[in-house]
$ cat target16.csv   # CSV, C-alpha atoms
chain,number,residue,atom,x,y,z
A,140,MET,CA,-62.8,-130.0,-64.3
A,141,LYS,CA,-61.0,-131.5,-67.3
A,142,HIS,CA,-60.5,-134.7,-65.3
A,143,LEU,CA,-64.1,-134.8,-64.4
A,144,SER,CA,-65.3,-134.4,-68.0
A,145,LEU,CA,-62.9,-137.1,-69.1
A,146,PHE,CA,-64.2,-139.4,-66.4
A,147,LEU,CA,-67.7,-138.8,-67.4
A,148,LEU,CA,-66.9,-139.3,-71.1
A,149,GLY,CA,-65.1,-142.5,-70.2
A,150,THR,CA,-68.1,-143.7,-68.2
A,151,ALA,CA,-70.4,-142.9,-71.0
A,152,LEU,CA,-68.3,-144.7,-73.6
A,153,GLY,CA,-67.6,-147.6,-71.4
A,154,THR,CA,-71.1,-148.5,-70.5
A,155,GLY,CA,-73.2,-146.6,-73.0
A,156,ALA,CA,-73.3,-149.4,-75.6
A,157,GLY,CA,-74.2,-152.1,-73.1
A,158,ALA,CA,-76.3,-150.1,-70.7
A,159,VAL,CA,-78.3,-152.6,-68.7
A,160,GLU,CA,-80.6,-152.4,-65.9
A,161,TYR,CA,-80.8,-155.4,-63.5
A,162,LYS,CA,-84.3,-156.0,-62.2
A,163,ALA,CA,-84.3,-159.4,-60.6
A,164,ILE,CA,-82.1,-162.1,-59.2
A,165,GLN,CA,-81.9,-165.8,-59.9
A,166,PRO,CA,-82.3,-167.4,-56.5
A,167,GLU,CA,-80.9,-170.7,-57.5
A,168,LYS,CA,-77.7,-169.0,-58.7
A,169,SER,CA,-77.5,-166.7,-55.7
A,170,LYS,CA,-76.2,-167.3,-52.1
A,171,VAL,CA,-76.5,-165.6,-48.8
A,172,THR,CA,-74.1,-167.1,-46.3
A,173,PHE,CA,-72.8,-166.3,-42.8
A,174,GLN,CA,-69.8,-167.2,-40.8
A,175,PHE,CA,-69.2,-167.0,-37.1
A,176,LYS,CA,-66.9,-168.4,-34.4
A,177,GLN,CA,-68.2,-171.0,-31.9
A,178,MET,CA,-65.7,-171.9,-29.1
A,179,GLY,CA,-62.9,-170.6,-31.4
A,180,VAL,CA,-64.1,-172.8,-34.3
A,181,GLY,CA,-65.2,-171.2,-37.6
A,182,MET,CA,-68.8,-172.2,-38.5
A,183,ASP,CA,-70.7,-171.7,-41.7
A,184,GLY,CA,-74.3,-171.2,-42.4
A,185,GLN,CA,-76.6,-170.0,-45.1
A,186,PHE,CA,-80.2,-168.9,-45.9
A,187,LYS,CA,-81.8,-170.9,-48.5
A,188,LYS,CA,-84.8,-168.6,-49.3
A,189,PHE,CA,-84.5,-164.9,-50.0
A,190,ALA,CA,-85.9,-162.5,-52.5
A,191,ALA,CA,-84.7,-159.3,-54.0
A,192,GLN,CA,-86.2,-156.3,-55.7
A,193,LEU,CA,-83.9,-154.1,-57.7
A,194,ASN,CA,-83.5,-151.5,-60.3
A,195,PHE,CA,-79.8,-151.3,-60.8
A,196,ASP,CA,-78.0,-149.8,-63.8
A,197,PRO,CA,-74.3,-150.0,-63.0
A,198,ALA,CA,-73.9,-146.8,-65.1
A,199,LYS,CA,-76.3,-144.9,-62.9
A,200,PRO,CA,-75.7,-146.1,-59.3
A,201,ALA,CA,-77.2,-143.0,-57.9
A,202,ALA,CA,-80.6,-143.9,-59.3
A,203,ALA,CA,-80.4,-147.5,-58.2
A,204,ARG,CA,-82.7,-149.2,-55.8
A,205,ALA,CA,-82.2,-152.5,-54.1
A,206,GLN,CA,-83.9,-154.4,-51.4
A,207,ILE,CA,-83.3,-158.0,-50.2
A,208,ASP,CA,-85.6,-160.0,-48.0
A,209,ILE,CA,-84.4,-163.0,-46.3
A,210,ASP,CA,-86.7,-165.8,-45.0
A,211,LEU,CA,-85.1,-166.5,-41.7
A,212,ALA,CA,-86.8,-169.8,-41.2
A,213,SER,CA,-84.8,-171.1,-44.2
A,214,VAL,CA,-81.6,-171.0,-42.2
A,215,ASP,CA,-79.1,-173.7,-42.3
A,216,ALA,CA,-76.9,-173.2,-39.3
A,217,GLY,CA,-74.9,-176.4,-39.6
A,218,SER,CA,-77.0,-179.0,-38.0
A,219,SER,CA,-80.7,-179.7,-37.5
A,220,GLU,CA,-80.3,-179.1,-33.8
A,221,ALA,CA,-78.8,-175.6,-34.5
A,222,ASP,CA,-81.5,-174.9,-37.1
A,223,ASP,CA,-84.3,-175.6,-34.6
A,224,GLU,CA,-82.5,-173.4,-32.0
A,225,VAL,CA,-81.9,-170.3,-34.1
A,226,VAL,CA,-85.4,-169.9,-35.3
A,227,GLY,CA,-86.6,-169.8,-31.6
A,228,LYS,CA,-87.3,-166.8,-29.4
A,229,SER,CA,-83.8,-166.2,-28.1
A,230,TRP,CA,-82.3,-166.0,-31.6
A,231,PHE,CA,-84.3,-164.9,-34.7
A,232,HIS,CA,-87.8,-165.4,-33.2
A,233,VAL,CA,-89.2,-166.1,-36.7
A,234,LYS,CA,-92.8,-166.3,-35.5
A,235,ALA,CA,-92.7,-162.6,-34.7
A,236,PHE,CA,-90.0,-161.5,-37.1
A,237,PRO,CA,-90.0,-163.9,-40.1
A,238,LYS,CA,-87.8,-161.7,-42.3
A,239,ALA,CA,-84.5,-159.9,-42.3
A,240,THR,CA,-84.5,-156.9,-44.7
A,241,PHE,CA,-81.8,-154.9,-46.2
A,242,VAL,CA,-82.7,-151.7,-48.1
A,243,ALA,CA,-80.0,-149.8,-49.9
A,244,ARG,CA,-80.1,-146.1,-49.3
A,245,GLU,CA,-77.1,-145.0,-51.3
A,246,ILE,CA,-75.0,-146.7,-53.9
A,247,LYS,CA,-71.8,-144.8,-54.9
A,248,PRO,CA,-69.3,-145.7,-57.5
A,249,ALA,CA,-65.9,-146.8,-56.0
A,250,GLY,CA,-63.7,-147.7,-59.0
A,251,ALA,CA,-64.1,-150.0,-61.9
A,252,ASN,CA,-67.1,-152.3,-61.2
A,253,GLN,CA,-66.9,-151.4,-57.5
A,254,PHE,CA,-69.5,-149.6,-55.5
A,255,GLU,CA,-69.9,-148.5,-51.9
A,256,VAL,CA,-73.3,-149.4,-50.6
A,257,SER,CA,-74.9,-148.2,-47.5
A,258,GLY,CA,-78.4,-149.0,-46.2
A,259,ALA,CA,-80.5,-150.3,-43.4
A,260,LEU,CA,-80.5,-153.8,-42.2
A,261,THR,CA,-83.6,-154.7,-40.2
A,262,LEU,CA,-83.5,-157.9,-38.1
A,263,LYS,CA,-85.7,-158.9,-35.2
A,264,GLY,CA,-87.4,-155.5,-35.1
A,265,LYS,CA,-84.1,-153.6,-34.9
A,266,SER,CA,-82.5,-151.5,-37.7
A,267,GLN,CA,-78.9,-150.8,-38.1
A,268,GLU,CA,-76.9,-148.9,-40.8
A,269,VAL,CA,-74.5,-151.2,-42.7
A,270,LYS,CA,-72.0,-150.2,-45.3
A,271,PHE,CA,-70.0,-152.5,-47.5
A,272,PRO,CA,-68.1,-152.6,-50.8
A,273,LEU,CA,-70.1,-154.2,-53.7
A,274,LYS,CA,-68.3,-156.0,-56.5
A,275,TYR,CA,-70.0,-156.2,-59.9
A,276,THR,CA,-68.9,-158.8,-62.5
A,277,PRO,CA,-70.8,-158.7,-65.8
A,278,GLN,CA,-71.1,-162.2,-67.1
A,279,GLY,CA,-72.8,-162.3,-70.5
A,280,SER,CA,-76.5,-161.4,-70.0
A,281,VAL,CA,-76.3,-161.7,-66.2
A,282,GLY,CA,-74.4,-159.7,-63.6
A,283,LEU,CA,-72.8,-161.1,-60.4
A,284,PHE,CA,-73.0,-158.9,-57.4
A,285,SER,CA,-71.0,-159.9,-54.4
A,286,GLY,CA,-70.1,-158.4,-51.1
A,287,GLY,CA,-70.1,-158.9,-47.3
A,288,PHE,CA,-70.2,-157.1,-44.0
A,289,VAL,CA,-69.9,-157.9,-40.3
A,290,ILE,CA,-72.7,-157.4,-37.9
A,291,ARG,CA,-72.7,-157.7,-34.2
A,292,ARG,CA,-75.5,-160.1,-33.1
A,293,ALA,CA,-76.0,-158.2,-29.9
A,294,ASP,CA,-77.1,-155.1,-31.8
A,295,PHE,CA,-80.1,-157.1,-33.0
A,296,SER,CA,-80.6,-159.2,-29.8
A,297,ILE,CA,-79.7,-162.3,-31.7
A,298,GLY,CA,-78.9,-164.9,-29.0
A,299,GLU,CA,-80.5,-163.7,-25.8
A,300,GLY,CA,-80.6,-165.1,-22.3
A,301,MET,CA,-78.1,-167.9,-21.8
A,302,TRP,CA,-76.6,-167.1,-25.2
A,303,ALA,CA,-76.0,-163.4,-24.6
A,304,LYS,CA,-72.4,-163.8,-23.6
A,305,PHE,CA,-69.9,-164.1,-26.4
A,306,ASP,CA,-67.6,-166.8,-24.8
A,307,VAL,CA,-69.3,-169.6,-26.8
A,308,VAL,CA,-70.9,-167.9,-29.8
A,309,ALA,CA,-68.9,-164.8,-30.8
A,310,ASN,CA,-70.6,-161.4,-31.3
A,311,ASP,CA,-69.3,-160.8,-34.8
A,312,ILE,CA,-71.2,-162.5,-37.6
A,313,GLN,CA,-69.8,-162.2,-41.1
A,314,VAL,CA,-72.5,-162.0,-43.7
A,315,ASN,CA,-71.6,-162.7,-47.4
A,316,PHE,CA,-73.7,-162.7,-50.5
A,317,GLN,CA,-73.4,-163.4,-54.1
A,318,LEU,CA,-76.3,-162.6,-56.3
A,319,THR,CA,-76.9,-163.4,-59.9
A,320,ALA,CA,-79.0,-160.6,-61.3
A,321,ILE,CA,-80.8,-160.6,-64.6
A,322,PRO,CA,-81.9,-157.6,-66.7
A,323,GLY,CA,-85.5,-156.7,-67.0
A,324,LYS,CA,-87.5,-154.8,-69.6
B,243,MET,CA,-34.2,-206.2,-12.6
B,244,ASN,CA,-36.3,-203.3,-11.5
B,245,GLN,CA,-39.8,-204.7,-10.7
B,246,HIS,CA,-41.4,-201.3,-10.8
B,247,TYR,CA,-42.7,-199.1,-13.7
B,248,THR,CA,-40.7,-195.8,-14.1
B,249,SER,CA,-42.2,-192.7,-12.6
B,250,THR,CA,-42.9,-191.4,-16.0
B,251,ALA,CA,-44.8,-194.5,-17.0
B,252,LYS,CA,-46.8,-194.3,-13.8
B,253,LEU,CA,-47.5,-190.6,-14.3
B,254,LEU,CA,-48.7,-191.3,-17.9
B,255,HIS,CA,-50.8,-194.3,-16.7
B,256,TRP,CA,-52.6,-192.5,-13.9
B,257,GLY,CA,-52.8,-189.1,-15.6
B,258,MET,CA,-54.4,-190.7,-18.7
B,259,ALA,CA,-56.6,-192.8,-16.5
B,260,VAL,CA,-58.1,-189.6,-15.0
B,261,VAL,CA,-58.4,-187.8,-18.3
B,262,ILE,CA,-60.0,-190.8,-20.0
B,263,ALA,CA,-62.5,-191.4,-17.2
B,264,GLY,CA,-63.5,-187.7,-17.4
B,265,LEU,CA,-63.6,-187.8,-21.2
B,266,ILE,CA,-66.0,-190.8,-21.3
B,267,THR,CA,-68.2,-189.4,-18.6
B,268,LEU,CA,-68.3,-186.0,-20.4
B,269,GLY,CA,-69.1,-187.8,-23.7
B,270,PHE,CA,-72.2,-189.5,-22.2
B,271,VAL,CA,-73.3,-186.4,-20.4
B,272,MET,CA,-72.9,-183.9,-23.3
B,273,THR,CA,-74.7,-186.0,-25.9
B,274,ASP,CA,-77.7,-186.2,-23.6
B,275,MET,CA,-77.9,-182.5,-22.9
B,276,PRO,CA,-80.4,-180.2,-24.7
B,277,LEU,CA,-78.6,-177.5,-26.7
B,278,SER,CA,-77.1,-174.8,-24.5
B,279,PRO,CA,-73.8,-172.8,-24.3
B,280,GLU,CA,-72.6,-175.4,-21.7
B,281,LYS,CA,-73.3,-178.2,-24.2
B,282,LEU,CA,-71.2,-176.6,-26.9
B,283,GLN,CA,-68.5,-175.9,-24.3
B,284,TYR,CA,-68.5,-179.5,-23.1
B,285,TYR,CA,-68.2,-180.7,-26.7
B,286,SER,CA,-65.1,-178.5,-27.2
B,287,TRP,CA,-63.6,-179.7,-23.9
B,288,HIS,CA,-64.3,-183.3,-24.9
B,289,LYS,CA,-62.5,-182.8,-28.2
B,290,TRP,CA,-59.5,-181.0,-26.6
B,291,ALA,CA,-59.1,-183.8,-24.1
B,292,GLY,CA,-59.5,-186.4,-26.9
B,293,VAL,CA,-56.7,-184.8,-29.0
B,294,SER,CA,-54.6,-184.6,-25.8
B,295,VAL,CA,-55.1,-188.4,-25.2
B,296,PHE,CA,-54.1,-189.0,-28.8
B,297,MET,CA,-50.9,-187.1,-28.3
B,298,LEU,CA,-50.1,-188.6,-24.9
B,299,VAL,CA,-50.6,-192.2,-26.0
B,300,TRP,CA,-47.8,-191.8,-28.6
B,301,LEU,CA,-45.6,-190.3,-26.0
B,302,ARG,CA,-46.5,-193.2,-23.7
B,303,LEU,CA,-45.8,-195.8,-26.4
B,304,GLY,CA,-42.5,-194.2,-27.2
B,305,TRP,CA,-41.6,-194.3,-23.5
B,306,ARG,CA,-42.6,-197.9,-23.3
B,307,VAL,CA,-40.4,-198.9,-26.2
B,308,LEU,CA,-37.4,-197.1,-24.6
B,309,ASN,CA,-38.2,-198.3,-21.1
B,310,PRO,CA,-39.8,-201.7,-21.3
B,311,PRO,CA,-42.2,-202.5,-18.4
B,312,PRO,CA,-41.1,-205.1,-15.8
B,313,PRO,CA,-41.9,-208.7,-16.9
B,314,TYR,CA,-44.9,-210.6,-15.7
B,315,PRO,CA,-44.3,-212.8,-12.7
B,316,SER,CA,-43.2,-216.3,-13.7
B,317,ALA,CA,-46.1,-217.7,-11.7
B,318,MET,CA,-48.5,-216.4,-14.5
B,319,SER,CA,-49.3,-219.1,-17.0
B,320,PRO,CA,-48.3,-218.5,-20.6
B,321,LEU,CA,-52.0,-218.3,-21.5
B,322,MET,CA,-52.6,-215.6,-18.9
B,323,GLN,CA,-49.5,-213.7,-20.0
B,324,ARG,CA,-50.7,-213.8,-23.6
B,325,LEU,CA,-54.1,-212.6,-22.5
B,326,ALA,CA,-52.6,-209.8,-20.5
B,327,HIS,CA,-50.5,-208.7,-23.5
B,328,ALA,CA,-53.5,-208.9,-25.8
B,329,GLY,CA,-55.6,-206.8,-23.4
B,330,HIS,CA,-52.9,-204.1,-23.1
B,331,ALA,CA,-52.4,-204.0,-26.9
B,332,ALA,CA,-56.2,-203.6,-27.3
B,333,LEU,CA,-56.2,-200.7,-24.8
B,334,TYR,CA,-53.4,-198.9,-26.6
B,335,ALA,CA,-55.1,-199.5,-29.9
B,336,LEU,CA,-58.3,-198.0,-28.7
B,337,MET,CA,-56.5,-195.0,-27.2
B,338,VAL,CA,-55.3,-194.3,-30.7
B,339,ILE,CA,-58.4,-195.2,-32.7
B,340,ILE,CA,-61.1,-193.6,-30.5
B,341,PRO,CA,-59.7,-190.1,-30.8
B,342,VAL,CA,-59.2,-190.5,-34.5
B,343,SER,CA,-62.9,-191.7,-34.9
B,344,GLY,CA,-63.9,-188.6,-32.9
B,345,TRP,CA,-61.9,-186.4,-35.1
B,346,LEU,CA,-63.4,-187.9,-38.3
B,347,LEU,CA,-66.8,-187.6,-36.7
B,348,SER,CA,-66.3,-183.9,-36.1
B,349,SER,CA,-65.2,-183.4,-39.7
B,350,ALA,CA,-68.2,-185.2,-41.1
B,351,LYS,CA,-70.5,-183.2,-38.8
B,352,GLY,CA,-69.0,-180.0,-40.2
B,353,VAL,CA,-67.5,-178.8,-36.9
B,354,GLN,CA,-63.7,-178.5,-37.1
B,355,THR,CA,-61.6,-179.6,-34.2
B,356,VAL,CA,-59.5,-176.7,-32.9
B,357,TRP,CA,-57.2,-177.9,-30.1
B,358,PHE,CA,-57.8,-175.7,-27.0
B,359,GLY,CA,-59.4,-173.2,-29.4
B,360,VAL,CA,-56.0,-172.4,-30.9
B,361,LEU,CA,-54.6,-175.2,-33.0
B,362,PRO,CA,-56.9,-176.2,-35.9
B,363,LEU,CA,-56.8,-179.8,-37.0
B,364,PRO,CA,-57.4,-180.3,-40.7
B,365,ASP,CA,-60.8,-181.7,-41.6
B,366,LEU,CA,-60.1,-185.1,-43.1
B,367,LEU,CA,-63.7,-185.6,-44.3
B,368,GLU,CA,-66.2,-183.4,-46.1
B,369,LYS,CA,-69.3,-182.6,-44.2
B,370,ASN,CA,-71.8,-185.4,-44.7
B,371,LYS,CA,-74.8,-186.0,-42.5
B,372,GLU,CA,-75.1,-189.8,-43.0
B,373,LEU,CA,-71.4,-190.4,-42.6
B,374,GLY,CA,-71.5,-188.2,-39.5
B,375,HIS,CA,-74.3,-190.3,-38.0
B,376,LEU,CA,-72.5,-193.5,-38.8
B,377,LEU,CA,-69.2,-192.3,-37.3
B,378,HIS,CA,-71.1,-191.2,-34.2
B,379,GLU,CA,-72.3,-194.8,-33.8
B,380,VAL,CA,-68.7,-196.1,-34.4
B,381,HIS,CA,-67.2,-193.7,-31.9
B,382,GLU,CA,-69.8,-194.7,-29.3
B,383,SER,CA,-69.5,-198.4,-29.9
B,384,LEU,CA,-65.7,-198.2,-29.6
B,385,ASN,CA,-66.1,-196.5,-26.3
B,386,TYR,CA,-68.4,-199.3,-25.0
B,387,LEU,CA,-65.7,-201.7,-26.1
B,388,LEU,CA,-63.1,-199.6,-24.2
B,389,LEU,CA,-65.3,-199.7,-21.1
B,390,VAL,CA,-65.5,-203.5,-21.2
B,391,LEU,CA,-61.8,-203.7,-21.6
B,392,LEU,CA,-61.2,-201.2,-18.8
B,393,ALA,CA,-63.5,-203.2,-16.5
B,394,GLY,CA,-61.4,-206.3,-17.3
B,395,HIS,CA,-58.2,-204.3,-16.7
B,396,VAL,CA,-59.3,-203.1,-13.3
B,397,ALA,CA,-60.7,-206.5,-12.3
B,398,ALA,CA,-57.4,-208.2,-13.3
B,399,ALA,CA,-55.4,-205.7,-11.2
B,400,PHE,CA,-57.5,-206.5,-8.2
B,401,LYS,CA,-57.4,-210.2,-8.9
B,402,HIS,CA,-53.5,-210.0,-8.9
B,403,HIS,CA,-53.6,-208.0,-5.7
B,404,TRP,CA,-56.3,-209.9,-3.7
B,405,LEU,CA,-56.3,-213.4,-5.1
B,406,ASP,CA,-52.8,-214.0,-6.6
B,407,ARG,CA,-51.2,-211.7,-4.0
B,408,ASP,CA,-48.4,-210.7,-6.5
B,409,ASP,CA,-47.0,-207.3,-7.2
B,410,ILE,CA,-48.7,-206.6,-10.5
B,411,PHE,CA,-51.0,-203.9,-9.1
B,412,LYS,CA,-48.5,-202.5,-6.5
B,413,ARG,CA,-45.8,-201.9,-9.0
B,414,MET,CA,-48.0,-199.4,-10.8
B,415,LEU,CA,-49.0,-197.6,-7.7
B,416,PRO,CA,-47.8,-193.9,-7.8
B,417,PHE,CA,-45.7,-194.0,-4.6
B,418,GLY,CA,-44.7,-197.6,-4.4
B,419,SER,CA,-41.1,-198.6,-4.3
B,420,ALA,CA,-39.4,-201.9,-5.1
B,421,SER,CA,-41.4,-204.5,-3.3
B,422,SER,CA,-40.2,-206.1,-0.1
B,423,LYS,CA,-40.3,-209.5,-1.7
B,424,ASP,CA,-37.3,-208.4,-3.9
B,425,ASN,CA,-35.2,-208.0,-0.8
B,426,ALA,CA,-36.4,-211.1,0.9

$ encode --input "target16.csv" --output "structure tokens"
Amino acid sequence: MKHLSLFLLGTALGTGAGAVEYKAIQPEKSKVTFQFKQMGVGMDGQFKKFAAQLNFDPAKPAAARAQIDIDLASVDAGSSEADDEVVGKSWFHVKAFPKATFVAREIKPAGANQFEVSGALTLKGKSQEVKFPLKYTPQGSVGLFSGGFVIRRADFSIGEGMWAKFDVVANDIQVNFQLTAIPGK
Amino acid sequence: MNQHYTSTAKLLHWGMAVVIAGLITLGFVMTDMPLSPEKLQYYSWHKWAGVSVFMLVWLRLGWRVLNPPPPYPSAMSPLMQRLAHAGHAALYALMVIIPVSGWLLSSAKGVQTVWFGVLPLPDLLEKNKELGHLLHEVHESLNYLLLVLLAGHVAAAFKHHWLDRDDIFKRMLPFGSASSKDNA
């Protein structure tokens, strides 16, 4: 009990003065990237367009809300040939499923400026629970939030038909993000 | 003087001949294919074979220095001998340069070369679309040059065999032994 009160006191003192609630991101200073293996070779890609809605006060993670929508057609998969391929039916099928959405369900504190986030990732009509550590770095008036998690493309039917086997394009896709968030009124 | 190439030299010559023939064929086939898992597989195999050729050609050159090939027949004119030397030098140069151009091309295209999916080669260039395109052209042109030289190489071998009727072609054959002329 004593430890708990000390902890709460510390939290209140530590953040009370600079309590800040982040409400938007700066897309030009944010990144959503992914990495995967193709024939044993590490490949990089990114999404150039995404939007986030958030209400995040690092001092009150339990009350935080966060959602990120990724415009799948903005994919850069390494080459124009690959970009044309992955928006198609066997991969993202952007005509029917233009967006990937992550909605945070729970954000728990996990140490100094660290949080444990869990939520639902919806991609190509399928939802999966993902869980990942989130790192918060206050930087003047903005806050950097970074993290990453691994998804299995087969869970979302990403890469169907001739691509369904994992011998050429691996099942595991590492997704990383770094978001620059700004406080709102 | 031994008039034959060593077995090692023959093995390297014919082994690389087979690999290079497959490599060039694969290169033309894979670039024409629509995107598919097979296409990506072929690209990897092409790169693996290319790196292998690059390794083997140094082994071959080292072997050649330690075990000089038999001299050209004295019946060959000095001009023809110089031409033959120049042709072989150009073939060796291309066996070194073409894989390097492919490696650079891969780097510029942003796809690292990982030999047999295990040994990663460092990327010597940053990803750069325009440079990647240019290096593709260079790689392809060097291969056309190689094809022309190889056509000349094969034509010369047959000319020696059928027209000059000397041992130049026979002494490189895998199972040939010292020619009967030596004993005559």

$ residues_near_point --input "target16.csv" --point "(-74.0, -162.9, -65.3)" --cutoff "12 Å" --atoms "all atoms listed in the file" --output "PDB file with C-alpha atoms, keeping the file's coordinate frame"
ATOM      1  CA  VAL A 159     -78.300-152.600 -68.700  1.00  0.00           C
ATOM      2  CA  TYR A 161     -80.800-155.400 -63.500  1.00  0.00           C
ATOM      3  CA  ALA A 163     -84.300-159.400 -60.600  1.00  0.00           C
ATOM      4  CA  ILE A 164     -82.100-162.100 -59.200  1.00  0.00           C
ATOM      5  CA  GLN A 165     -81.900-165.800 -59.900  1.00  0.00           C
ATOM      6  CA  LYS A 168     -77.700-169.000 -58.700  1.00  0.00           C
ATOM      7  CA  SER A 169     -77.500-166.700 -55.700  1.00  0.00           C
ATOM      8  CA  TYR A 275     -70.000-156.200 -59.900  1.00  0.00           C
ATOM      9  CA  THR A 276     -68.900-158.800 -62.500  1.00  0.00           C
ATOM     10  CA  PRO A 277     -70.800-158.700 -65.800  1.00  0.00           C
ATOM     11  CA  GLN A 278     -71.100-162.200 -67.100  1.00  0.00           C
ATOM     12  CA  GLY A 279     -72.800-162.300 -70.500  1.00  0.00           C
ATOM     13  CA  SER A 280     -76.500-161.400 -70.000  1.00  0.00           C
ATOM     14  CA  VAL A 281     -76.300-161.700 -66.200  1.00  0.00           C
ATOM     15  CA  GLY A 282     -74.400-159.700 -63.600  1.00  0.00           C
ATOM     16  CA  LEU A 283     -72.800-161.100 -60.400  1.00  0.00           C
ATOM     17  CA  PHE A 284     -73.000-158.900 -57.400  1.00  0.00           C
ATOM     18  CA  SER A 285     -71.000-159.900 -54.400  1.00  0.00           C
ATOM     19  CA  GLN A 317     -73.400-163.400 -54.100  1.00  0.00           C
ATOM     20  CA  LEU A 318     -76.300-162.600 -56.300  1.00  0.00           C
ATOM     21  CA  THR A 319     -76.900-163.400 -59.900  1.00  0.00           C
ATOM     22  CA  ALA A 320     -79.000-160.600 -61.300  1.00  0.00           C
ATOM     23  CA  ILE A 321     -80.800-160.600 -64.600  1.00  0.00           C
ATOM     24  CA  PRO A 322     -81.900-157.600 -66.700  1.00  0.00           C
TER      25      PRO A 322
END

$ closest_residue --input "target16.csv" --among "B:Val360, B:Thr250, B:Lys412, B:His330" --to "chain A" --atoms "only C-alpha atoms"
B:Val360

$ interface_residues --input "target16.csv" --of "chain A" --to "chain B" --cutoff "10 Å" --atoms "only C-alpha atoms" --output "number ranges by chain"
A: 177-183, 217-221, 223-224, 301-308

$ residues_around --input "target16.csv" --residues "range 396-401 of chain B" --least-positions-apart "5" --cutoff "12 Å" --atoms "all atoms listed in the file" --output "ChimeraX atom specification"
/B:259,322-323,325-326,329-330,389-391,406-415

$ residues_around --input "target16.csv" --residues "Val225 in chain A" --least-positions-apart "6" --cutoff "10 Å" --atoms "all atoms listed in the file" --output "list in words"
Leu211, Ala212, Val214, Asp215, Ala216, Phe231, His232, Val233, Ile297 and Gly298 of chain A

$ write_last_selection --input "target16.csv" --atoms "C-alpha atoms" --output "PDB file, keeping the file's coordinate frame"
ATOM      1  CA  LEU A 211     -85.100-166.500 -41.700  1.00  0.00           C
ATOM      2  CA  ALA A 212     -86.800-169.800 -41.200  1.00  0.00           C
ATOM      3  CA  VAL A 214     -81.600-171.000 -42.200  1.00  0.00           C
ATOM      4  CA  ASP A 215     -79.100-173.700 -42.300  1.00  0.00           C
ATOM      5  CA  ALA A 216     -76.900-173.200 -39.300  1.00  0.00           C
ATOM      6  CA  PHE A 231     -84.300-164.900 -34.700  1.00  0.00           C
ATOM      7  CA  HIS A 232     -87.800-165.400 -33.200  1.00  0.00           C
ATOM      8  CA  VAL A 233     -89.200-166.100 -36.700  1.00  0.00           C
ATOM      9  CA  ILE A 297     -79.700-162.300 -31.700  1.00  0.00           C
ATOM     10  CA  GLY A 298     -78.900-164.900 -29.000  1.00  0.00           C
TER      11      GLY A 298
END

$ residues_around --input "target16.csv" --residues "range 294-297 of chain B" --least-positions-apart "3" --cutoff "9 Å" --atoms "only C-alpha atoms" --output "ChimeraX atom specification"
/B:258,261-262,289-291,300-302,337-342,357

$ closest_residue --input "target16.csv" --among "A:Leu273, A:Ile290, A:Ala309, A:Ala190" --to "Ile209 in chain A" --atoms "only C-alpha atoms"
A:Ala190

$ residues_near_point --input "target16.csv" --point "(-41.6, -193.0, -10.6)" --cutoff "10 Å" --atoms "all atoms listed in the file" --output "list in words"
His246, Tyr247, Thr248, Ser249, Thr250, Ala251, Lys252, Leu253, Arg413, Met414, Leu415, Pro416, Phe417, Gly418 and Ser419 of chain B

$ atom_distance --input "target16.csv" --atom1 "CA of Gln253 in chain A" --atom2 "CA of Ile207 in chain A"
19.1 Å

$ atom_distance --input "target16.csv" --atom1 "CA of Met318 in chain B" --atom2 "CA of Asn385 in chain B"
29.1 Å

$ atom_distance --input "target16.csv" --atom1 "CA of Lys176 in chain A" --atom2 "CA of Gln313 in chain A"
9.6 Å

$ residues_around --input "target16.csv" --residues "Val171 in chain A" --least-positions-apart "2" --cutoff "7 Å" --atoms "all atoms listed in the file" --output "list in words"
Gln185, Phe186, Asn315, Phe316 and Gln317 of chain A

$ closest_residue --input "target16.csv" --among "B:Leu333, B:Ser316, B:Gly374, B:Tyr284" --to "Leu392 in chain B" --atoms "all atoms listed in the file"
B:Leu333

$ axis_aligned_box --input "target16.csv" --around "range 217-223 of chain A" --padding-each-side "4 Å" --output "JSON"
{"center_x": -79.6, "center_y": -177.3, "center_z": -36.7, "size_x": 17.4, "size_y": 12.8, "size_z": 13.8}

$ closest_residue --input "target16.csv" --among "A:Lys199, A:Lys188, A:Lys274, A:Lys234" --to "Ala158 in chain A" --atoms "only C-alpha atoms"
A:Lys199

$ residues_around --input "target16.csv" --residues "range 291-296 of chain A" --least-positions-apart "6" --cutoff "8 Å" --atoms "all atoms listed in the file" --output "mmCIF file with C-alpha atoms, keeping the file's coordinate frame"
data_model
loop_
_atom_site.group_PDB
_atom_site.id
_atom_site.type_symbol
_atom_site.label_atom_id
_atom_site.label_comp_id
_atom_site.auth_asym_id
_atom_site.auth_seq_id
_atom_site.Cartn_x
_atom_site.Cartn_y
_atom_site.Cartn_z
ATOM 1 C CA SER A 229 -83.800 -166.200 -28.100
ATOM 2 C CA TRP A 230 -82.300 -166.000 -31.600
ATOM 3 C CA LEU A 262 -83.500 -157.900 -38.100
ATOM 4 C CA LYS A 263 -85.700 -158.900 -35.200
ATOM 5 C CA GLY A 264 -87.400 -155.500 -35.100
ATOM 6 C CA LYS A 265 -84.100 -153.600 -34.900
ATOM 7 C CA SER A 266 -82.500 -151.500 -37.700
ATOM 8 C CA GLN A 267 -78.900 -150.800 -38.100
ATOM 9 C CA ALA A 303 -76.000 -163.400 -24.600
ATOM 10 C CA ASN A 310 -70.600 -161.400 -31.300
ATOM 11 C CA ASP A 311 -69.300 -160.800 -34.800
ATOM 12 C CA ILE A 312 -71.200 -162.500 -37.600
#
